[in-house]
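Student: What follows is the file upload-v3.tsv, containing TSV, C-alpha atoms and all ligand atoms:
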chain	number	residue	atom	x	y	z
A	1	MET	CA	-44.00	66.29	41.32
A	2	GLY	CA	-43.25	62.76	40.21
A	3	PHE	CA	-45.44	62.67	37.13
A	4	PHE	CA	-46.45	64.46	33.97
A	5	GLN	CA	-48.70	63.95	30.98
A	6	ILE	CA	-47.72	63.90	27.32
A	7	VAL	CA	-50.45	64.74	24.85
A	8	ASN	CA	-49.92	63.03	21.53
A	9	HIS	CA	-51.01	64.06	18.09
A	10	GLY	CA	-51.17	62.47	14.64
A	11	ILE	CA	-49.22	59.31	13.99
A	12	CYS	CA	-48.56	58.69	17.67
A	13	GLN	CA	-52.28	58.69	18.37
A	14	LEU	CA	-52.84	56.18	15.61
A	15	VAL	CA	-50.24	53.82	17.08
A	16	LEU	CA	-51.60	54.23	20.61
A	17	GLY	CA	-55.16	53.79	19.38
A	18	GLU	CA	-54.10	50.54	17.75
A	19	ALA	CA	-52.48	49.32	21.00
A	20	MET	CA	-55.66	50.10	22.94
A	21	SER	CA	-57.89	48.36	20.41
A	22	SER	CA	-55.69	45.28	20.25
A	23	ALA	CA	-55.78	45.17	24.10
A	24	SER	CA	-59.61	45.41	24.01
A	25	ASN	CA	-59.72	42.71	21.35
A	26	PHE	CA	-57.61	40.42	23.55
A	27	PHE	CA	-60.01	40.75	26.51
A	28	ASN	CA	-63.05	40.29	24.24
A	29	LEU	CA	-61.83	37.09	22.59
A	30	PRO	CA	-63.86	34.08	23.63
A	31	ASN	CA	-60.86	31.79	23.12
A	32	ARG	CA	-58.00	34.00	24.33
A	33	ASP	CA	-54.81	32.40	25.64
A	34	GLU	CA	-55.71	33.10	29.29
A	35	VAL	CA	-55.61	29.51	30.48
A	36	LYS	CA	-52.17	29.01	29.00
A	37	PHE	CA	-50.89	32.09	30.85
A	38	MET	CA	-52.74	31.80	34.17
A	39	SER	CA	-50.24	31.51	37.01
A	40	SER	CA	-49.50	32.60	40.56
A	41	ASP	CA	-45.74	32.38	39.90
A	42	VAL	CA	-44.45	35.97	39.78
A	43	HIS	CA	-41.20	34.76	38.15
A	44	LYS	CA	-43.02	33.87	34.92
A	45	PRO	CA	-42.34	36.29	32.04
A	46	VAL	CA	-45.96	36.13	30.79
A	47	ARG	CA	-48.83	35.98	33.27
A	48	TYR	CA	-52.57	36.35	33.07
A	49	GLY	CA	-54.59	36.86	36.22
A	50	THR	CA	-56.37	39.24	38.52
A	51	SER	CA	-54.40	40.82	41.31
A	52	PHE	CA	-50.64	40.53	41.93
A	53	LYS	CA	-50.25	36.77	42.52
A	54	ASP	CA	-53.32	35.11	41.18
A	55	GLY	CA	-54.90	32.58	43.49
A	56	VAL	CA	-52.43	33.30	46.30
A	57	ASP	CA	-53.25	36.92	47.14
A	58	LYS	CA	-55.10	37.41	50.39
A	59	VAL	CA	-56.98	40.32	48.82
A	60	GLN	CA	-58.35	40.08	45.31
A	61	PHE	CA	-58.82	43.19	43.19
A	62	TRP	CA	-61.24	44.03	40.46
A	63	ARG	CA	-58.92	43.78	37.51
A	64	ILE	CA	-57.81	41.28	34.93
A	65	VAL	CA	-54.24	41.70	33.74
A	66	LEU	CA	-52.02	40.27	31.07
A	67	LYS	CA	-48.48	41.08	32.19
A	68	HIS	CA	-45.49	40.26	30.07
A	69	TYR	CA	-41.82	41.09	29.68
A	70	ALA	CA	-41.50	43.19	26.55
A	71	HIS	CA	-37.92	44.35	26.07
A	72	PRO	CA	-35.50	43.22	24.71
A	73	SER	CA	-38.25	42.07	22.38
A	74	GLU	CA	-36.26	39.27	20.69
A	75	ASP	CA	-36.11	37.46	24.07
A	76	TRP	CA	-39.80	37.61	24.86
A	77	ILE	CA	-41.99	38.26	21.84
A	78	HIS	CA	-42.37	34.53	21.02
A	79	MET	CA	-44.11	34.09	24.42
A	80	TRP	CA	-46.76	36.76	23.82
A	81	PRO	CA	-50.33	35.83	22.89
A	82	ASP	CA	-50.88	34.69	19.27
A	83	ASN	CA	-54.41	35.89	19.44
A	84	PRO	CA	-55.40	38.55	18.29
A	85	SER	CA	-52.83	38.22	15.55
A	86	ASN	CA	-51.87	41.92	15.61
A	87	TYR	CA	-51.00	41.73	19.34
A	88	SER	CA	-47.25	41.05	18.91
A	89	ASN	CA	-46.20	44.15	16.98
A	90	LYS	CA	-42.49	44.81	17.72
A	91	MET	CA	-42.01	47.70	19.80
A	92	GLU	CA	-33.81	47.86	22.30
A	93	ASP	CA	-30.09	46.95	27.09
A	94	GLY	CA	-32.84	47.44	29.79
A	95	MET	CA	-36.10	45.68	30.58
A	96	GLN	CA	-39.60	46.62	29.63
A	97	VAL	CA	-42.61	44.97	31.20
A	98	MET	CA	-46.10	45.64	29.98
A	99	ALA	CA	-49.22	45.27	32.10
A	100	VAL	CA	-52.38	45.26	30.01
A	101	ASN	CA	-55.16	45.80	32.55
A	102	CYS	CA	-58.89	45.26	32.17
A	103	TYR	CA	-61.39	46.45	34.79
A	104	HIS	CA	-64.94	45.34	34.10
A	105	PRO	CA	-67.84	47.47	35.35
A	106	CYS	CA	-68.31	46.90	39.08
A	107	PRO	CA	-71.86	46.90	40.53
A	108	GLN	CA	-70.63	48.60	43.72
A	109	PRO	CA	-67.59	50.59	42.67
A	110	GLU	CA	-67.25	52.31	46.04
A	111	MET	CA	-66.89	48.94	47.77
A	112	ALA	CA	-63.78	47.78	45.88
A	113	LEU	CA	-60.61	48.94	44.21
A	114	GLY	CA	-59.18	47.97	40.82
A	115	LEU	CA	-55.69	48.07	42.31
A	116	PRO	CA	-54.58	49.02	45.82
A	117	PRO	CA	-52.23	51.94	46.58
A	118	HIS	CA	-48.74	51.03	45.30
A	119	SER	CA	-45.72	52.45	43.52
A	120	ASP	CA	-44.10	50.75	40.53
A	121	TYR	CA	-40.60	49.17	40.89
A	122	SER	CA	-39.58	50.70	37.54
A	123	CYS	CA	-37.48	53.77	36.73
A	124	ILE	CA	-40.41	55.25	34.86
A	125	THR	CA	-43.83	53.97	33.89
A	126	ILE	CA	-45.70	55.19	30.82
A	127	LEU	CA	-49.42	54.60	30.99
A	128	GLN	CA	-52.40	54.99	28.72
A	129	GLN	CA	-56.02	54.62	29.87
A	130	ASN	CA	-59.29	54.63	27.91
A	131	TYR	CA	-61.41	55.91	30.82
A	132	PRO	CA	-60.62	57.71	34.12
A	133	GLY	CA	-59.88	55.58	37.19
A	134	LEU	CA	-56.19	56.15	37.88
A	135	GLU	CA	-55.63	58.21	41.04
A	136	ILE	CA	-52.37	59.65	42.35
A	137	MET	CA	-51.54	60.43	45.98
A	138	ASP	CA	-50.61	64.07	46.61
A	139	MET	CA	-48.13	63.44	49.46
A	140	GLU	CA	-48.20	67.06	50.70
A	141	GLU	CA	-51.97	67.25	50.92
A	142	GLY	CA	-52.46	63.59	51.76
A	143	MET	CA	-55.23	63.42	49.15
A	144	TRP	CA	-55.99	61.33	46.07
A	145	GLY	CA	-56.21	63.17	42.73
A	146	THR	CA	-57.84	61.76	39.60
A	147	VAL	CA	-55.77	61.60	36.42
A	148	PRO	CA	-58.08	62.85	33.66
A	149	GLU	CA	-58.47	60.77	30.53
A	150	LEU	CA	-57.43	63.00	27.62
A	151	GLU	CA	-57.65	61.26	24.29
A	152	GLY	CA	-54.24	59.91	23.33
A	153	ALA	CA	-52.54	61.34	26.45
A	154	LEU	CA	-49.81	59.35	28.14
A	155	GLN	CA	-49.25	59.49	31.88
A	156	VAL	CA	-45.57	59.25	32.84
A	157	HIS	CA	-44.67	58.57	36.44
A	158	VAL	CA	-41.56	58.02	38.52
A	159	GLY	CA	-40.98	54.53	39.87
A	160	ASP	CA	-38.96	53.19	42.85
A	161	HIS	CA	-35.69	52.79	40.94
A	162	LEU	CA	-35.59	56.47	39.95
A	163	GLU	CA	-36.15	57.34	43.61
A	164	VAL	CA	-33.10	55.19	44.45
A	165	LEU	CA	-30.99	56.67	41.62
A	166	SER	CA	-31.84	60.23	42.69
A	167	ASN	CA	-31.27	59.45	46.41
A	168	GLY	CA	-34.86	60.45	47.08
A	169	LEU	CA	-34.87	63.75	45.13
A	170	TYR	CA	-37.60	62.21	42.99
A	171	LYS	CA	-40.15	60.19	44.87
A	172	SER	CA	-41.95	57.26	43.29
A	173	VAL	CA	-45.58	58.00	42.65
A	174	VAL	CA	-48.13	56.23	44.84
A	175	HIS	CA	-51.19	55.40	42.76
A	176	ARG	CA	-54.33	53.28	42.88
A	177	VAL	CA	-57.22	52.41	40.57
A	178	THR	CA	-60.86	53.16	41.33
A	179	LEU	CA	-63.80	51.50	39.55
A	180	ASN	CA	-67.00	52.50	37.81
A	181	SER	CA	-70.30	50.74	37.16
A	182	GLU	CA	-70.78	51.87	33.54
A	183	ARG	CA	-68.01	50.63	31.28
A	184	THR	CA	-64.99	48.42	30.97
A	185	ARG	CA	-61.79	50.35	31.56
A	186	ILE	CA	-58.54	49.30	29.87
A	187	SER	CA	-55.09	50.61	30.74
A	188	ILE	CA	-51.71	49.75	29.25
A	189	ALA	CA	-48.79	50.31	31.60
A	190	SER	CA	-45.24	50.08	30.24
A	191	LEU	CA	-42.63	49.74	32.99
A	192	HIS	CA	-39.03	50.60	32.08
A	193	SER	CA	-36.05	49.51	34.17
A	194	LEU	CA	-32.45	48.30	34.04
A	195	GLY	CA	-31.73	44.70	32.99
A	196	MET	CA	-32.95	41.77	35.05
A	197	ASP	CA	-29.79	41.41	37.20
A	198	GLU	CA	-28.39	44.91	36.87
A	199	LYS	CA	-28.35	46.68	40.24
A	200	MET	CA	-29.83	50.16	40.50
A	201	GLU	CA	-27.86	52.24	42.94
A	202	THR	CA	-27.84	55.87	44.03
A	203	ALA	CA	-25.81	58.18	41.74
A	204	LYS	CA	-22.41	58.70	43.40
A	205	GLU	CA	-22.53	62.41	42.50
A	206	LEU	CA	-25.48	62.83	44.83
A	207	VAL	CA	-23.80	61.30	47.87
A	208	ASP	CA	-21.44	63.11	50.30
A	209	GLU	CA	-21.13	63.66	54.06
A	210	GLN	CA	-24.16	65.91	54.23
A	211	HIS	CA	-26.16	63.69	51.88
A	212	PRO	CA	-25.64	60.07	52.89
A	213	LYS	CA	-26.88	57.26	50.69
A	214	LYS	CA	-30.51	56.58	51.58
A	215	TYR	CA	-31.22	53.35	49.65
A	216	LYS	CA	-29.78	49.88	49.21
A	217	GLU	CA	-29.05	48.74	45.66
A	218	SER	CA	-31.46	46.34	43.97
A	219	SER	CA	-32.35	44.77	40.63
A	220	PHE	CA	-35.55	43.89	38.85
A	221	ARG	CA	-35.03	40.27	39.97
A	222	ASP	CA	-34.81	41.50	43.60
A	223	PHE	CA	-38.19	43.14	43.10
A	224	VAL	CA	-39.74	39.98	41.69
A	225	ASN	CA	-38.40	38.01	44.69
A	226	PHE	CA	-39.85	40.66	47.02
A	227	LEU	CA	-43.21	40.33	45.30
A	228	ALA	CA	-43.12	36.54	45.69
A	229	THR	CA	-42.92	36.78	49.49
A	230	ASN	CA	-44.75	40.03	50.33
A	231	GLU	CA	-48.33	41.23	50.08
A	232	ILE	CA	-48.41	44.57	48.27
A	233	ALA	CA	-52.11	44.88	49.07
A	234	GLU	CA	-51.26	44.82	52.77
A	235	GLY	CA	-49.10	47.90	52.38
A	236	ASN	CA	-45.69	46.19	52.03
A	237	SER	CA	-43.71	48.34	49.65
A	238	PHE	CA	-40.50	47.50	47.80
A	239	ILE	CA	-39.12	51.04	48.16
A	240	ASN	CA	-39.55	50.90	51.94
A	241	SER	CA	-37.59	47.65	52.00
A	242	LEU	CA	-34.67	49.46	50.29
A	243	LYS	CA	-34.51	52.40	52.70
A	244	ILE	CA	-31.37	52.63	54.84
A	245	ASN	CA	-32.01	53.56	58.48
A	246	ASN	CA	-30.90	57.20	58.10
A	247	ASN	CA	-33.84	57.70	55.70
A	301	LIG	O1	-54.87	50.83	35.49
A	301	LIG	C1	-54.15	51.78	35.77
A	301	LIG	O2	-54.41	52.95	35.43
A	301	LIG	C2	-52.89	51.59	36.58
A	301	LIG	C3	-52.26	50.20	36.44
A	301	LIG	C4	-51.06	50.08	37.35
A	301	LIG	O3	-50.85	50.87	38.26
A	301	LIG	C5	-50.09	48.98	37.15
A	301	LIG	O4	-50.34	48.11	36.27
A	301	LIG	O5	-49.04	48.98	37.89
A	302	FE	FE	-48.84	50.73	38.98
Go ahead and render the structure in this file as structure tokens.
Ligand SMILES: O=C(O)CCC(=O)C(=O)O
Ligand SMILES: [Fe+2]
Tutor:
Amino acid sequence: MGFFQIVNHGICQLVLGEAMSSASNFFNLPNRDEVKFMSSDVHKPVRYGTSFKDGVDKVQFWRIVLKHYAHPSEDWIHMWPDNPSNYSNKMEDGMQVMAVNCYHPCPQPEMALGLPPHSDYSCITILQQNYPGLEIMDMEEGMWGTVPELEGALQVHVGDHLEVLSNGLYKSVVHRVTLNSERTRISIASLHSLGMDEKMETAKELVDEQHPKKYKESSFRDFVNFLATNEIAEGNSFINSLKINNN
């Protein structure tokens, strides 16, 4: 299994609750900084938009997202929204990117998706949702499973770079987002990876004659460049682009 859930209590729930309410406040502001951040350029450290490359995607999805680099915070925090004022609370080498997603009620939820099937480029992703919608592909059964919304629970899933590090012992989790017609759903995804130009490669201890290396090395920047020239919604996946032929 490439994922697990952490159920939080007490102080942790307060902090998470605050993050969720400041995310909701951002999407409810009439004068939020969206125009300033709107961009189709995937190399920008702060971006506001809908799908993966706003305005350029062939397929649009039913989500609004504020995506920003988050760690190391001293490099990025000055670019975050000023509004609401409690948005930029400080959260240490490695990168952290946060995707704050908003899915408004959809009149025909069965006709669209919030996000198409994909895996995250990260080592791990930690995710919080305020309403169910996240689904995970059970590779053995070939079926989608709903991740329940438990108050204060965090979903942790394996991303592409952990698959590379483990030479495929851990597989990155394929997930998608379904919609509902009743209420706005907010999710906060925190993606953790090595530094921008640090290459993730398979652990040498896991490679020998019987277990050849299955993946090419890559960095976060390599992923961003992949995203700039590939359509995730059309099934192009970063992890597949890293697989060596013996895989
Ligand atoms: O909204 C969700 O639950 C998932 C968001 C997601 O998969 C992402 O931002 O990469
Ligand atoms: Fe994701």
Student: If I take CA of Ile244 in chain A and CA of Gly159 in chain A, how far is one from the other in Å, to one decimal?
Tutor: 17.9 Å
Student: What are the centre and edge lengths in Å, to one decimal, of the axis-aligned box around all listed atoms of ligand LIG 301 (chain A) with 5 Å added on each side, as lines of an AutoDock Vina configuration file?
Tutor:
center_x = -52.0
center_y = 50.5
center_z = 36.8
size_x = 15.8
size_y = 14.8
size_z = 12.8
Student: Using all atoms listed in the file, which protein or nucleic acid residues come within 7 Å of range 188-193 of chain A? Drop anything in the same chain fewer than 6 positions from it, and give the result as a PyMOL selection string.
Tutor: chain A and resi 94-101+122-129
Student: Let me make sure I understand: among A:Asn230, A:Gln60, A:Ser119, A:Asn25, which one has the smallest atom-to-atom distance to ligand FE 302 (chain A) if we use only C-alpha atoms and all ligand atoms?
Tutor: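 Closest to ligand FE 302 (chain A), using only C-alpha atoms and all ligand atoms: A:Ser119.
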Student: For Lys58 in chain A, list every protein, DNA or RNA residue within 10 Å, evaluated using only C-alpha atoms, and leave out those in the same chain fewer than 6 positions away; present the list as a PyMOL selection string.
Tutor: chain A and resi 51+231+233-234
Student: For Val164 in chain A, find every residue with an atom within 12 Å (counting only C-alpha atoms), except residues of its own chain fewer than 5 positions away, and show them as number ranges by chain.
Tutor: A: 121-123, 158-159, 169-172, 199-204, 206-207, 213-219, 238-244, 247
Student: Dump the neighbourhood of ligand FE 302 (chain A) as a PyMOL selection string: all residues within 7 Å, distances computed on only C-alpha atoms and all ligand atoms.
Tutor: chain A and resi 118-120+175
Student: Around (-63.9, 48.8, 36.9), as given in the file, which residues come within 9 Å? Count only C-alpha atoms and list them as an MDAnalysis selection string.
Tutor: chainID A and resid 62:63 102:107 109 113:114 133 177:186
Student: Nearest to Val147 in chain A among A:Thr229, A:Ser40, A:Tyr131, A:Asp160, with distances taken over only C-alpha atoms: which residue is it?
Tutor: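 Residue with the minimum atom-to-atom distance to Val147 in chain A: A:Tyr131.
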Student: With distances taken over all atoms listed in the file, which residue among A:Met139, A:Ile64, A:Leu162, A:Leu194 lies nearest ligand LIG 301 (chain A)?
Tutor: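 When distances to ligand LIG 301 (chain A) are compared using all atoms listed in the file, the smallest one comes from A:Ile64.
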Student: Choose the residue, out of A:Ser187, A:Leu134, A:Lys67, A:Ile232, that has the smallest atom-to-atom separation from Gly152 in chain A; count all atoms listed in the file.
Tutor: A:Ser187
Student: Pick from A:Met20, A:Val65, A:Ala70, A:Met111: nearest to ligand LIG 301 (chain A), with only C-alpha atoms and all ligand atoms counted?
Tutor: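 Looking only at the distances to ligand LIG 301 (chain A), the closest residue turns out to be A:Val65.
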